$ cat entry-v1.tsv   # TSV, C-alpha atoms and all ligand atoms
chain	number	residue	atom	x	y	z
D	26	MET	CA	-44.55	-48.87	-28.93
D	27	PRO	CA	-46.29	-45.50	-28.23
D	28	LEU	CA	-47.98	-43.43	-30.95
D	29	VAL	CA	-45.55	-41.41	-33.04
D	30	THR	CA	-45.98	-38.16	-34.93
D	31	SER	CA	-45.43	-38.06	-38.69
D	32	LYS	CA	-42.33	-35.85	-38.37
D	33	GLU	CA	-39.71	-38.55	-38.69
D	34	MET	CA	-41.82	-40.56	-41.16
D	35	PHE	CA	-41.98	-37.54	-43.48
D	36	GLU	CA	-38.27	-36.70	-43.16
D	37	LYS	CA	-37.36	-40.22	-44.28
D	38	ALA	CA	-40.08	-40.36	-46.96
D	39	TYR	CA	-38.97	-37.03	-48.41
D	40	ALA	CA	-35.35	-38.12	-48.58
D	41	GLY	CA	-36.25	-41.55	-49.97
D	42	LYS	CA	-38.81	-40.21	-52.46
D	43	TYR	CA	-41.65	-42.41	-51.24
D	44	ALA	CA	-44.91	-41.62	-49.42
D	45	ILE	CA	-46.65	-42.70	-46.25
D	46	GLY	CA	-50.20	-43.98	-46.65
D	47	ALA	CA	-52.82	-42.19	-44.56
D	48	PHE	CA	-55.82	-44.48	-44.34
D	49	ASN	CA	-59.22	-43.46	-42.95
D	50	VAL	CA	-60.53	-45.67	-40.16
D	51	ASN	CA	-64.06	-46.09	-38.83
D	52	ASN	CA	-64.17	-49.46	-37.07
D	53	MET	CA	-62.17	-52.42	-35.82
D	54	GLU	CA	-62.07	-54.44	-39.04
D	55	ILE	CA	-60.74	-51.51	-41.07
D	56	ILE	CA	-58.02	-50.81	-38.48
D	57	GLN	CA	-57.05	-54.48	-38.31
D	58	GLY	CA	-56.91	-54.88	-42.09
D	59	ILE	CA	-54.66	-51.83	-42.52
D	60	VAL	CA	-52.39	-52.66	-39.60
D	61	ASP	CA	-52.00	-56.31	-40.65
D	62	ALA	CA	-50.90	-55.12	-44.10
D	63	ALA	CA	-48.43	-52.61	-42.65
D	64	LYS	CA	-47.05	-55.27	-40.34
D	65	GLU	CA	-46.40	-57.69	-43.17
D	66	GLU	CA	-44.83	-54.93	-45.24
D	67	GLN	CA	-42.89	-53.51	-42.26
D	68	SER	CA	-44.19	-50.08	-43.19
D	69	PRO	CA	-44.91	-46.98	-41.11
D	70	ILE	CA	-48.55	-45.83	-41.39
D	71	ILE	CA	-50.92	-43.03	-40.54
D	72	LEU	CA	-54.41	-43.94	-39.33
D	73	GLN	CA	-56.74	-41.00	-39.77
D	74	VAL	CA	-60.09	-40.23	-38.25
D	75	SER	CA	-62.60	-37.78	-39.70
D	76	ALA	CA	-65.28	-35.87	-37.78
D	77	GLY	CA	-67.76	-38.31	-39.31
D	78	ALA	CA	-65.76	-41.30	-38.03
D	79	ARG	CA	-65.68	-39.78	-34.53
D	80	LYS	CA	-69.42	-39.31	-34.67
D	81	TYR	CA	-69.98	-42.86	-35.94
D	82	ALA	CA	-67.65	-44.83	-33.67
D	83	LYS	CA	-66.93	-42.35	-30.82
D	84	HIS	CA	-63.50	-40.86	-30.21
D	85	ILE	CA	-62.72	-43.13	-27.27
D	86	TYR	CA	-63.44	-46.38	-29.16
D	87	LEU	CA	-61.19	-45.38	-32.04
D	88	VAL	CA	-58.36	-44.30	-29.72
D	89	LYS	CA	-58.57	-47.56	-27.77
D	90	LEU	CA	-58.63	-49.64	-30.96
D	91	VAL	CA	-55.53	-47.83	-32.21
D	92	GLU	CA	-53.85	-48.39	-28.82
D	93	ALA	CA	-54.60	-52.10	-29.26
D	94	ALA	CA	-53.14	-51.98	-32.77
D	95	LEU	CA	-49.94	-50.40	-31.42
D	96	GLU	CA	-49.55	-53.10	-28.80
D	97	ASP	CA	-50.40	-55.89	-31.20
D	98	SER	CA	-48.20	-54.74	-34.10
D	99	ASN	CA	-45.31	-52.88	-32.49
D	100	LEU	CA	-45.31	-50.59	-35.55
D	101	PRO	CA	-44.76	-46.83	-35.63
D	102	ILE	CA	-48.33	-45.55	-36.06
D	103	CYS	CA	-49.42	-41.92	-36.24
D	104	LEU	CA	-53.03	-41.17	-35.23
D	105	HIS	CA	-54.28	-38.16	-37.17
D	106	LEU	CA	-57.43	-36.04	-37.28
D	107	ASP	CA	-58.57	-35.71	-40.90
D	108	HIS	CA	-60.19	-32.40	-42.00
D	109	GLY	CA	-60.66	-30.74	-38.59
D	110	GLU	CA	-62.96	-27.84	-39.40
D	111	ASP	CA	-62.30	-25.62	-36.37
D	112	PHE	CA	-59.94	-25.04	-33.44
D	113	GLU	CA	-62.23	-26.92	-31.02
D	114	ILE	CA	-62.17	-30.28	-32.81
D	115	CYS	CA	-58.37	-30.02	-33.19
D	116	LYS	CA	-58.04	-29.25	-29.47
D	117	SER	CA	-60.33	-32.13	-28.56
D	118	CYS	CA	-58.18	-34.58	-30.56
D	119	ILE	CA	-54.90	-33.14	-29.22
D	120	ASP	CA	-56.22	-33.41	-25.64
D	121	GLY	CA	-57.71	-36.81	-26.46
D	122	GLY	CA	-54.48	-38.58	-27.43
D	123	PHE	CA	-53.95	-37.98	-31.17
D	124	SER	CA	-50.36	-37.38	-32.34
D	125	SER	CA	-51.31	-35.30	-35.38
D	126	VAL	CA	-54.21	-33.08	-36.44
D	127	MET	CA	-55.32	-31.42	-39.64
D	128	PHE	CA	-56.91	-28.01	-39.47
D	129	ASP	CA	-58.71	-27.60	-42.78
D	130	GLY	CA	-59.26	-23.90	-43.36
D	131	SER	CA	-59.26	-24.30	-47.14
D	132	LYS	CA	-62.75	-22.84	-47.44
D	133	LEU	CA	-61.81	-19.74	-45.42
D	134	PRO	CA	-60.25	-16.49	-46.65
D	135	PHE	CA	-56.41	-16.68	-46.68
D	136	GLU	CA	-55.87	-14.51	-43.57
D	137	GLU	CA	-58.49	-16.38	-41.55
D	138	ASN	CA	-57.00	-19.74	-42.57
D	139	ILE	CA	-53.57	-18.46	-41.42
D	140	ALA	CA	-54.89	-17.14	-38.09
D	141	ILE	CA	-56.66	-20.35	-37.04
D	142	THR	CA	-53.90	-22.63	-38.37
D	143	LYS	CA	-51.41	-20.62	-36.30
D	144	ARG	CA	-53.53	-20.99	-33.19
D	145	VAL	CA	-53.81	-24.77	-33.73
D	146	VAL	CA	-50.05	-25.01	-34.36
D	147	GLU	CA	-49.24	-23.19	-31.10
D	148	TYR	CA	-51.59	-25.39	-29.07
D	149	ALA	CA	-50.41	-28.59	-30.77
D	150	HIS	CA	-46.66	-27.94	-30.67
D	151	GLU	CA	-46.74	-27.14	-26.96
D	152	ARG	CA	-48.10	-30.67	-26.51
D	153	GLY	CA	-45.80	-32.51	-28.95
D	154	VAL	CA	-48.48	-32.87	-31.65
D	155	VAL	CA	-47.92	-32.02	-35.33
D	156	VAL	CA	-50.28	-30.12	-37.64
D	157	GLU	CA	-51.32	-30.42	-41.29
D	158	ALA	CA	-53.15	-27.53	-42.96
D	159	GLU	CA	-54.72	-27.07	-46.39
D	160	LEU	CA	-54.44	-24.34	-48.98
D	161	GLY	CA	-56.47	-24.48	-52.17
D	162	ARG	CA	-59.76	-26.32	-52.43
D	163	LEU	CA	-60.42	-29.85	-53.70
D	164	ALA	CA	-63.58	-30.75	-55.58
D	165	GLY	CA	-65.65	-33.71	-54.40
D	166	ILE	CA	-67.66	-34.85	-51.42
D	167	GLU	CA	-66.51	-35.00	-47.84
D	168	ASP	CA	-68.77	-35.24	-44.80
D	169	ALA	CA	-71.80	-34.60	-47.04
D	170	VAL	CA	-70.37	-31.26	-48.20
D	171	SER	CA	-69.98	-31.18	-51.94
D	172	VAL	CA	-67.56	-28.83	-53.71
D	173	SER	CA	-68.26	-28.55	-57.41
D	174	GLU	CA	-65.48	-28.60	-59.99
D	175	GLN	CA	-65.99	-24.90	-60.68
D	176	ASP	CA	-65.48	-24.09	-56.98
D	177	ALA	CA	-62.26	-26.06	-56.73
D	178	ILE	CA	-59.19	-23.81	-56.49
D	179	TYR	CA	-55.66	-24.99	-57.22
D	180	THR	CA	-53.00	-24.01	-54.66
D	181	ASP	CA	-51.04	-20.87	-55.48
D	182	PRO	CA	-47.28	-21.62	-55.05
D	183	ASP	CA	-46.33	-18.18	-53.63
D	184	GLN	CA	-49.25	-18.24	-51.21
D	185	ALA	CA	-48.15	-21.72	-50.10
D	186	VAL	CA	-44.72	-20.37	-49.14
D	187	GLU	CA	-46.20	-17.42	-47.24
D	188	PHE	CA	-48.70	-19.73	-45.53
D	189	VAL	CA	-46.04	-22.19	-44.34
D	190	GLU	CA	-43.71	-19.41	-43.14
D	191	ARG	CA	-46.39	-17.52	-41.24
D	192	THR	CA	-48.13	-20.51	-39.61
D	193	GLY	CA	-45.20	-22.80	-38.75
D	194	VAL	CA	-47.33	-25.74	-39.90
D	195	ASP	CA	-45.66	-29.17	-40.26
D	196	SER	CA	-47.19	-30.29	-43.58
D	197	LEU	CA	-49.48	-28.81	-46.20
D	198	ALA	CA	-52.28	-30.35	-48.26
D	199	ILE	CA	-52.36	-28.87	-51.73
D	200	ALA	CA	-54.92	-28.90	-54.54
D	201	ILE	CA	-53.46	-29.99	-57.90
D	202	GLY	CA	-56.45	-31.74	-59.45
D	203	THR	CA	-57.40	-34.63	-57.14
D	204	SER	CA	-60.80	-34.68	-55.48
D	205	HIS	CA	-62.58	-36.65	-52.77
D	206	GLY	CA	-64.82	-39.62	-53.51
D	207	ALA	CA	-65.20	-42.03	-56.43
D	208	TYR	CA	-65.87	-39.54	-59.25
D	209	LYS	CA	-62.65	-37.60	-59.64
D	210	PHE	CA	-62.30	-36.90	-63.36
D	211	LYS	CA	-64.82	-36.63	-66.16
D	212	GLY	CA	-62.33	-37.18	-68.98
D	213	THR	CA	-58.67	-38.14	-68.90
D	214	PRO	CA	-57.18	-37.97	-65.37
D	215	ARG	CA	-54.82	-35.02	-65.10
D	216	LEU	CA	-52.76	-33.65	-62.22
D	217	ASP	CA	-50.97	-30.30	-62.35
D	218	TYR	CA	-47.40	-31.58	-61.85
D	219	GLU	CA	-45.96	-28.25	-62.96
D	220	ARG	CA	-47.70	-26.59	-60.02
D	221	LEU	CA	-46.59	-29.39	-57.69
D	222	ASP	CA	-42.96	-29.04	-58.81
D	223	LYS	CA	-43.14	-25.26	-58.35
D	224	ILE	CA	-44.54	-25.57	-54.81
D	225	SER	CA	-42.04	-28.27	-53.98
D	226	SER	CA	-39.07	-26.28	-55.29
D	227	LEU	CA	-40.13	-23.19	-53.30
D	228	LEU	CA	-40.45	-25.29	-50.12
D	229	PRO	CA	-37.42	-27.62	-50.22
D	230	GLY	CA	-37.57	-30.42	-47.66
D	231	PHE	CA	-41.14	-29.57	-46.69
D	232	PRO	CA	-43.71	-32.42	-46.73
D	233	LEU	CA	-46.74	-31.97	-49.01
D	234	VAL	CA	-49.97	-33.94	-48.71
D	235	LEU	CA	-52.25	-35.29	-51.42
D	236	HIS	CA	-55.90	-35.71	-50.47
D	237	GLY	CA	-58.42	-37.43	-52.69
D	238	ALA	CA	-55.79	-39.94	-53.79
D	239	SER	CA	-57.82	-43.13	-54.14
D	240	THR	CA	-57.42	-44.94	-57.43
D	241	VAL	CA	-60.99	-46.30	-57.35
D	242	LEU	CA	-59.62	-49.71	-58.27
D	243	PRO	CA	-61.72	-51.08	-61.16
D	244	GLU	CA	-61.75	-54.63	-59.76
D	245	PHE	CA	-63.72	-53.47	-56.70
D	246	VAL	CA	-66.12	-51.34	-58.71
D	247	ALA	CA	-66.70	-54.34	-61.00
D	248	LEU	CA	-67.27	-56.67	-58.03
D	249	CYS	CA	-69.74	-54.25	-56.43
D	250	ASN	CA	-71.64	-53.99	-59.69
D	251	GLU	CA	-71.56	-57.75	-60.30
D	252	PHE	CA	-73.27	-58.34	-56.97
D	253	GLY	CA	-76.07	-55.80	-56.99
D	254	GLY	CA	-74.19	-52.48	-56.83
D	255	LYS	CA	-74.76	-49.58	-59.18
D	256	ILE	CA	-71.59	-47.50	-59.39
D	257	ASP	CA	-71.48	-45.72	-62.74
D	258	GLY	CA	-68.77	-43.46	-64.12
D	259	ALA	CA	-66.38	-43.83	-61.19
D	260	GLN	CA	-62.80	-42.75	-61.88
D	261	GLY	CA	-59.82	-42.33	-59.56
D	262	VAL	CA	-56.19	-41.24	-59.69
D	263	PRO	CA	-54.11	-43.78	-61.67
D	264	GLU	CA	-51.45	-45.35	-59.47
D	265	ASP	CA	-48.51	-44.28	-61.64
D	266	MET	CA	-49.63	-40.67	-61.13
D	267	LEU	CA	-49.43	-41.13	-57.36
D	268	ARG	CA	-45.93	-42.60	-57.62
D	269	LYS	CA	-44.89	-39.59	-59.68
D	270	ALA	CA	-46.28	-37.21	-57.04
D	271	ALA	CA	-44.20	-38.97	-54.38
D	272	LEU	CA	-41.07	-38.00	-56.33
D	273	SER	CA	-41.92	-34.30	-55.92
D	274	GLY	CA	-42.25	-33.81	-52.17
D	275	VAL	CA	-45.63	-35.52	-51.59
D	276	CYS	CA	-44.98	-37.47	-48.38
D	277	LYS	CA	-48.56	-38.30	-47.34
D	278	ILE	CA	-51.14	-39.88	-49.63
D	279	ASN	CA	-54.74	-40.03	-48.32
D	280	ILE	CA	-56.87	-43.06	-49.09
D	281	ASP	CA	-60.44	-43.67	-47.98
D	282	THR	CA	-62.61	-44.44	-51.02
D	283	ASP	CA	-60.46	-47.45	-52.00
D	284	LEU	CA	-61.00	-48.89	-48.50
D	285	ARG	CA	-64.74	-48.38	-48.74
D	286	LEU	CA	-64.90	-50.03	-52.14
D	287	ALA	CA	-62.73	-53.01	-51.14
D	288	MET	CA	-64.84	-53.63	-48.04
D	289	THR	CA	-68.20	-53.16	-49.74
D	290	ALA	CA	-67.26	-55.32	-52.75
D	291	SER	CA	-66.27	-58.16	-50.45
D	292	ILE	CA	-69.44	-57.92	-48.34
D	293	ARG	CA	-71.68	-57.73	-51.41
D	294	LYS	CA	-70.01	-60.78	-52.91
D	295	HIS	CA	-70.17	-62.81	-49.71
D	296	LEU	CA	-73.81	-62.09	-49.01
D	297	ALA	CA	-74.81	-62.74	-52.62
D	298	GLN	CA	-73.00	-66.08	-52.58
D	299	HIS	CA	-74.14	-67.06	-49.08
D	300	PRO	CA	-77.71	-65.82	-48.81
D	301	GLY	CA	-78.27	-67.90	-45.67
D	302	ASP	CA	-75.44	-66.21	-43.69
D	303	PHE	CA	-76.36	-63.74	-40.99
D	304	ASP	CA	-73.31	-63.93	-38.72
D	305	PRO	CA	-71.43	-60.63	-39.21
D	306	ARG	CA	-68.12	-62.43	-38.66
D	307	GLN	CA	-68.73	-64.48	-41.80
D	308	TYR	CA	-68.78	-61.43	-44.04
D	309	LEU	CA	-66.53	-59.08	-42.05
D	310	LYS	CA	-63.65	-61.56	-42.02
D	311	PRO	CA	-63.25	-61.60	-45.83
D	312	ALA	CA	-63.92	-57.84	-45.88
D	313	ARG	CA	-61.02	-57.31	-43.46
D	314	GLU	CA	-58.85	-59.55	-45.64
D	315	ALA	CA	-59.81	-57.55	-48.74
D	316	ILE	CA	-58.73	-54.35	-46.99
D	317	LYS	CA	-55.48	-55.97	-45.95
D	318	ASN	CA	-54.67	-57.12	-49.49
D	319	MET	CA	-55.53	-53.75	-51.00
D	320	VAL	CA	-53.44	-51.81	-48.46
D	321	GLN	CA	-50.54	-54.20	-48.91
D	322	HIS	CA	-50.65	-53.61	-52.65
D	323	LYS	CA	-50.68	-49.82	-52.09
D	324	ILE	CA	-47.76	-49.93	-49.66
D	325	ARG	CA	-45.66	-52.20	-51.85
D	326	ASN	CA	-46.48	-51.03	-55.36
D	327	VAL	CA	-47.68	-47.44	-55.05
D	328	LEU	CA	-46.42	-45.73	-51.88
D	329	GLY	CA	-43.05	-47.49	-51.75
D	330	SER	CA	-43.00	-47.57	-47.94
D	331	SER	CA	-42.26	-51.29	-47.44
D	332	ASN	CA	-39.31	-52.08	-45.17
D	333	LYS	CA	-38.88	-48.44	-44.08
D	334	LEU	CA	-38.94	-48.92	-40.32
D	335	ASP	CA	-35.26	-48.09	-39.62
R	1	LIG	O1	-61.87	-36.71	-46.98
R	1	LIG	C1	-62.77	-37.30	-46.40
R	1	LIG	C2	-62.67	-38.71	-46.00
R	1	LIG	O2	-62.96	-39.56	-47.07
R	1	LIG	C3	-63.53	-38.96	-44.82
R	1	LIG	O3	-64.87	-39.08	-45.17
R	1	LIG	O4	-65.94	-37.44	-43.66
R	1	LIG	O5	-67.29	-39.28	-44.75
R	1	LIG	O6	-65.66	-39.80	-42.92
R	1	LIG	P1	-66.02	-38.89	-44.05
R	2	LIG	P1	-60.36	-40.43	-51.34
R	2	LIG	O1	-61.81	-40.09	-51.35
R	2	LIG	O2	-59.76	-40.26	-52.71
R	2	LIG	O3	-60.07	-41.76	-50.75
R	2	LIG	O4	-59.61	-39.33	-50.42
R	2	LIG	C1	-59.56	-39.50	-49.03
R	2	LIG	C2	-59.06	-38.27	-48.33
R	2	LIG	O5	-58.52	-37.35	-48.91
R	2	LIG	C3	-59.24	-38.23	-46.88
R	2	LIG	O6	-58.86	-37.01	-46.34
R	3	ZN	ZN	-59.22	-35.34	-47.61
$ encode --input "entry-v1.tsv" --output "C-alpha cells"
Amino acid sequence: MPLVTSKEMFEKAYAGKYAIGAFNVNNMEIIQGIVDAAKEEQSPIILQVSAGARKYAKHIYLVKLVEAALEDSNLPICLHLDHGEDFEICKSCIDGGFSSVMFDGSKLPFEENIAITKRVVEYAHERGVVVEAELGRLAGIEDAVSVSEQDAIYTDPDQAVEFVERTGVDSLAIAIGTSHGAYKFKGTPRLDYERLDKISSLLPGFPLVLHGASTVLPEFVALCNEFGGKIDGAQGVPEDMLRKAALSGVCKINIDTDLRLAMTASIRKHLAQHPGDFDPRQYLKPAREAIKNMVQHKIRNVLGSSNKLD
C-alpha cells in the first residue's frame, strides 16, 4: 500500500469521534514498535518526523524505513513533517516523499504566519500533500527551544476561523493548555475545553490537532528512576482528558515523550539487570516491545482508533 494523506483518516475520525495517533519516529526500532502495534490493532497511523529526527537519522533513511513499514504492514500510513519552521523544510519534505507537512508559524506575527502557511499550502496541494498549521503557542521544549509558561498563548477562536479560511490549510494545531515534554503542569492538569468547544463549533467538520499530548505514564517514569534515572516532577496530560478532546473535533493527537520514556525505561532496566550485555539487539528488542505495548494501549484505550481501517 502506498503512503496516504491524513485527509480520509481525519474525515472518519471526526465523524466517529476518535483520534489518530501521530507518533514521532527517529530510528528503526521506534518505527517497528509503532507499526507492529497499529497492525495488531488494525489502526490507521501517522508517523511524524521532526527537523531534529531528520538531522539525526537523515531524511532518506527515515523515508526508506517507512516505505519498508508500508510494505511489511499493508496499513494506511501517513508520513508527516512535525514542526516545519520555514517554507524550505516543508518543500524539501514534500519533494522528498512525505504525504503531509506541518508549517509551524506559531511564533510569527499573525499575518506572517498566514502568508507562509498559504505558500506552503499552494505548493503542497499542487502535489497531493496535505498541510497542518499552528495558531497559538504551546509552552515546553521542542528542538532545544524552550517556551516559558508566560510566553504560551492560547488560540483565539475568531482568529482560528480567519486563519483557516485565508490559508486553506487542512488541519490546525491549537493551544489549549498542553505543552511539549515531560513537565506539562505544575499543579492540577487543566485544559481549556471551553475554548476547544468554541473553536470546534466555529469550524464544524474541520480537524484540530493537539500537540504536547503525552501522558508521561507514571510506570515508565518510575522504572527510569528505579534503574538510575532522575526524573523529578514530571506530569503529563491524563488520558481521560485526551479522550474528551477527541469528542470535540481533535482528530490528531501527538505523542513523542511517552515513546521516549517507554524506550528509555526498558533500556535502563535491561542494562541494570544484565550488566554483562553489550549487544544492542539485547536491549533494543525489549525497548521495541515496550514501545509496541504502549502504542497499542494508546490506540485501544485512549485514541479509539482500533479496527478503523474500512
Ligand atoms: O514537538 C516536538 C517533538 O517532541 C519532537 O522533538 O524536535 O526533539 O525531535 P525533537
Ligand atoms: P509530547 O512532548 O507531549 O509527546 O508532544 C509531542 C508533540 O507535540 C510532537 O509534535
Ligand atoms: Zn508538537
$ closest_residue --input "entry-v1.tsv" --among "D:Asn318, D:Ser124, D:Asn51, D:Ser331" --to "ligand LIG 1 (chain R)" --atoms "all atoms listed in the file"
D:Asn51
$ closest_residue --input "entry-v1.tsv" --among "D:Lys310, D:His108, D:His84, D:Lys294" --to "ligand LIG 1 (chain R)" --atoms "only C-alpha atoms and all ligand atoms"
D:His108
$ residues_near_ligand --input "entry-v1.tsv" --ligand "ligand LIG 1 (chain R)" --cutoff "9 Å" --atoms "all atoms listed in the file" --output "PyMOL selection string"
chain D and resi 49-51+73-79+81+107-108+165-170+204-206+236-237+279-282
$ closest_residue --input "entry-v1.tsv" --among "D:Glu157, D:Glu33, D:Glu96, D:Glu66" --to "ligand ZN 3 (chain R)" --atoms "all atoms listed in the file"
D:Glu157
$ residues_near_point --input "entry-v1.tsv" --point "(-53.7, -33.1, -33.7)" --cutoff "10 Å" --atoms "all atoms listed in the file" --output "VMD selection string"
chain D and resid 30 104 to 107 109 114 to 128 145 to 146 148 to 150 152 to 157
$ atom_distance --input "entry-v1.tsv" --atom1 "atom CA of Val29 of chain D" --atom2 "atom CA of Ala82 of chain D"
22.4 Å
$ residues_around --input "entry-v1.tsv" --residues "Arg268 of chain D" --least-positions-apart "5" --cutoff "8 Å" --atoms "all atoms listed in the file" --output "PyMOL selection string"
chain D and resi 43+327-328
$ closest_residue --input "entry-v1.tsv" --among "D:Leu90, D:Ile56, D:Leu284, D:Ala185" --to "Ile71 of chain D" --atoms "all atoms listed in the file"
D:Ile56
